[in-house]
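Visitor: mmCIF, C-alpha atoms, saved as run07.cif, coming up:
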```cif
data_query
loop_
_atom_site.label_atom_id
_atom_site.label_comp_id
_atom_site.auth_asym_id
_atom_site.auth_seq_id
_atom_site.Cartn_x
_atom_site.Cartn_y
_atom_site.Cartn_z
CA MET L 70 11.20 -33.42 20.08
CA VAL L 71 11.28 -34.12 23.81
CA LEU L 72 11.94 -31.07 25.99
CA VAL L 73 13.43 -31.92 29.40
CA VAL L 74 13.23 -29.22 32.07
CA ASP L 75 14.78 -29.21 35.53
CA ASP L 76 16.47 -26.46 37.52
CA GLU L 77 19.09 -29.05 38.46
CA ARG L 78 21.22 -28.89 35.30
CA LEU L 79 22.78 -32.30 35.85
CA ILE L 80 19.37 -33.97 35.93
CA ALA L 81 18.06 -32.10 32.86
CA ASP L 82 21.23 -32.88 30.89
CA THR L 83 21.35 -36.52 32.00
CA LEU L 84 17.73 -37.25 31.12
CA SER L 85 18.17 -35.51 27.78
CA ILE L 86 21.26 -37.60 27.01
CA ILE L 87 19.47 -40.81 28.00
CA LEU L 88 16.61 -39.98 25.63
CA SER L 89 19.00 -38.98 22.82
CA ARG L 90 20.95 -42.21 23.15
CA ASN L 91 17.69 -44.13 22.84
CA GLY L 92 16.71 -42.55 19.54
CA PHE L 93 14.69 -39.54 20.68
CA SER L 94 15.36 -35.94 19.70
CA ALA L 95 15.81 -34.20 23.05
CA MET L 96 16.74 -30.78 24.41
CA ALA L 97 17.33 -29.59 27.95
CA ALA L 98 16.21 -26.36 29.61
CA TYR L 99 16.84 -25.27 33.18
CA ASP L 100 13.74 -23.22 33.95
CA GLY L 101 10.23 -22.60 32.71
CA LYS L 102 11.03 -19.34 30.94
CA SER L 103 13.82 -20.92 28.88
CA ALA L 104 11.58 -23.89 28.09
CA LEU L 105 8.88 -21.57 26.73
CA GLU L 106 11.47 -19.78 24.57
CA ILE L 107 12.68 -23.08 23.12
CA ALA L 108 9.10 -24.21 22.51
CA LYS L 109 8.42 -21.09 20.42
CA VAL L 110 11.12 -22.20 17.98
CA VAL L 111 10.93 -25.98 18.30
CA PRO L 112 7.51 -27.08 19.58
CA PRO L 113 7.98 -30.18 21.72
CA GLU L 114 5.94 -33.32 21.21
CA VAL L 115 6.60 -34.26 24.83
CA LEU L 116 7.49 -32.12 27.84
CA VAL L 117 9.35 -33.90 30.66
CA THR L 118 9.61 -31.52 33.58
CA ASP L 119 10.36 -31.36 37.27
CA VAL L 120 7.42 -30.05 39.27
CA MET L 121 9.22 -27.97 41.88
CA MET L 122 11.33 -25.27 40.23
CA PRO L 123 11.91 -21.64 41.17
CA GLY L 124 9.89 -19.03 39.32
CA MET L 125 7.50 -21.28 37.42
CA THR L 126 6.50 -24.74 38.58
CA GLY L 127 6.48 -27.63 36.15
CA ILE L 128 2.69 -27.71 36.37
CA GLU L 129 2.46 -24.04 35.42
CA LEU L 130 4.88 -24.69 32.54
CA ALA L 131 2.87 -27.72 31.38
CA ILE L 132 -0.39 -25.76 31.37
CA ALA L 133 1.21 -22.83 29.53
CA LEU L 134 2.71 -25.13 26.88
CA GLN L 135 -0.50 -27.09 26.37
CA GLN L 136 -2.38 -23.82 25.84
CA LYS L 137 0.03 -23.01 22.98
CA ILE L 138 0.66 -26.54 21.68
CA ASP L 139 -2.53 -28.60 21.90
CA ASP L 140 -0.93 -31.98 21.24
CA CYS L 141 2.08 -31.60 23.57
CA ARG L 142 2.10 -34.52 26.00
CA VAL L 143 3.39 -33.94 29.53
CA ILE L 144 5.38 -36.09 31.95
CA LEU L 145 5.95 -34.56 35.38
CA PHE L 146 8.54 -35.81 37.84
CA SER L 147 9.42 -34.90 41.40
CA GLY L 148 11.17 -36.20 44.46
CA GLN L 149 8.86 -34.32 46.80
CA ALA L 150 5.68 -35.75 48.24
CA SER L 151 4.33 -32.20 48.66
CA ILE L 152 3.38 -32.00 44.98
CA MET L 153 0.16 -33.93 45.56
CA ASP L 154 -1.72 -30.71 46.37
CA LEU L 155 -0.44 -29.07 43.18
CA LEU L 156 -1.46 -32.10 41.11
CA ALA L 157 -4.91 -32.20 42.73
CA GLU L 158 -5.39 -28.51 41.94
CA ALA L 159 -4.38 -29.09 38.30
CA ARG L 160 -6.74 -32.09 38.03
CA ALA L 161 -9.59 -30.00 39.42
CA LYS L 162 -8.98 -27.55 36.55
CA GLY L 163 -9.13 -30.38 34.01
CA HIS L 164 -5.40 -31.02 33.55
CA HIS L 165 -4.20 -34.61 33.79
CA PHE L 166 -0.49 -35.39 33.62
CA THR L 167 1.63 -38.53 33.74
CA THR L 168 3.89 -38.48 36.82
CA LEU L 169 7.19 -40.14 37.68
CA THR L 170 9.15 -40.15 40.94
CA LYS L 171 12.74 -38.91 41.28
CA PRO L 172 15.16 -40.44 40.82
CA VAL L 173 13.64 -41.33 37.45
CA PRO L 174 14.69 -44.83 36.33
CA PRO L 175 15.92 -44.53 32.69
CA ALA L 176 13.88 -47.51 31.48
CA GLU L 177 10.72 -46.05 33.00
CA LEU L 178 11.38 -42.64 31.40
CA ILE L 179 11.99 -44.18 27.98
CA GLU L 180 8.85 -46.31 28.19
CA CYS L 181 6.77 -43.36 29.34
CA VAL L 182 8.02 -41.15 26.47
CA ARG L 183 7.34 -43.97 23.98
CA GLU L 184 3.79 -44.30 25.29
CA CYS L 185 3.27 -40.54 24.95
CA LEU L 186 4.50 -40.53 21.36
CA GLY L 187 2.68 -43.69 20.33
CA SER L 188 3.50 -44.55 16.72
CA ASP L 189 5.82 -41.52 16.43
CA ALA L 190 8.41 -43.01 18.81
CA PRO L 191 11.29 -42.46 18.58
CA SER L 192 11.02 -39.02 17.05
CA THR L 193 13.43 -38.54 14.16
CA VAL L 194 13.19 -34.87 13.27
CA LEU L 195 15.22 -32.37 15.27
CA LYS L 196 15.44 -28.71 14.34
CA ARG L 197 18.15 -28.00 16.90
CA ALA L 198 20.44 -26.06 14.55
CA SER L 199 17.74 -23.56 13.59
CA ALA L 200 16.68 -23.23 17.23
CA GLU L 201 20.25 -22.50 18.31
CA LYS L 202 20.49 -19.69 15.76
CA VAL L 203 17.38 -18.04 17.13
CA ILE L 204 17.77 -18.64 20.88
CA GLY L 205 21.26 -20.07 21.25
CA ARG L 206 21.83 -18.98 24.82
CA VAL L 207 18.85 -20.84 26.28
CA LEU L 208 19.62 -24.21 24.71
CA ALA L 209 21.64 -26.59 26.81
CA PRO L 210 24.63 -28.10 25.04
CA ILE L 211 24.40 -31.87 25.03
CA SER L 212 27.52 -33.97 24.75
CA ILE L 213 26.92 -37.54 23.76
#
```
So that I can check it, write out the structure of this file as C-alpha cells.
Guide:
Amino acid sequence: MVLVVDDERLIADTLSIILSRNGFSAMAAYDGKSALEIAKVVPPEVLVTDVMMPGMTGIELAIALQQKIDDCRVILFSGQASIMDLLAEARAKGHHFTTLTKPVPPAELIECVRECLGSDAPSTVLKRASAEKVIGRVLAPISI
C-alpha cells in the first residue's frame, strides 16, 4: 500500500487517486499523526509525504515510520527550497530519502513509486475495509 500524506487535502487526495488509477493501492492522510494511525493498521510499503506540514514534518514522519516498518520506502516532496537544511540534517543521521519537487508530475510520481516497489509494483493487496473499521475517521475517502 502507498500512503500519501499532505496537509493540503486536495494534493493528498489527488496523488492518491493518480496512484490508484495506475494500479497501486493508495490511501491519503492529512497529517503525520493520522498517517501513523493508518500505518498501525495497514503498514505502507511506500510513504509519499510532503516535507513541510504543521505538527510533524514529513521527515519526522518518515523516520518514525521507518523505525516501526523497516522496509517502508520513502518519497518526500516539497515546493519549498528551505527543506535542504532538513534533508541535510536527516542525511547526517543516516536517513536517505528520494525527493520530488511540487508540483509533482504524475508520471514522475508513478515511476518513483514503481522504482521503490521494484518487482512488487503495482501493489495488489489493499486492506482498506479492515482499516476503516478500526480507524475510520482518519482515512480519507477516495472517489475514483
Visitor: To test your reading of the syntax: which residues would the PyMOL selection byres ((chain L and resi 127) around 10) return for the file shown? Reply as a VMD selection string.
Guide: chain L and resid 74 to 75 100 to 101 116 to 126 128 to 133 143 to 147 155
Visitor: Using only C-alpha atoms, which protein or nucleic acid residues come within 10 Å of L:Ile86? Drop anything in the same chain fewer than 3 positions from it, and give the result as a list in words.
Guide: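 Counting only C-alpha atoms, the residues come to Val73, Ile80, Ala81, Asp82, Thr83, Ser89, Arg90, Asn91, Phe93, Ser94, Ala95, Met96, Ala97, Ile211, Ser212 and Ile213 of chain L.
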Visitor: Padding 8 Å on each side, edges along x, y and z: where is the centre of the box around the listed atoms of stretch 98-116 of chain L, and how long are its edges in Å to one decimal? Output it as AutoDock Vina command-line options.
Guide:
```
--center_x 11.4 --center_y -26.8 --center_z 26.0 --size_x 26.9 --size_y 30.9 --size_z 32.0
```
Visitor: Could you work out how far atom CA of L:Leu72 lies from atom CA of L:Glu177, giving the answer in Å with one decimal?
Guide: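 We find that atom CA of L:Glu177 and atom CA of L:Leu72 lie 16.6 Å from each other.
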Visitor: Taking all atoms listed in the file into account, which of L:Asp154, L:Cys185, L:Gly148, L:Glu114 comes nearest L:Leu169?
Guide: L:Gly148
Visitor: I need the residue nearest L:Thr167 from this list: L:Met153, L:Arg142, L:Leu105, L:Tyr99. Use all atoms listed in the file for the distance.
Guide: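 Looking only at the distances to L:Thr167, the closest residue turns out to be L:Arg142.
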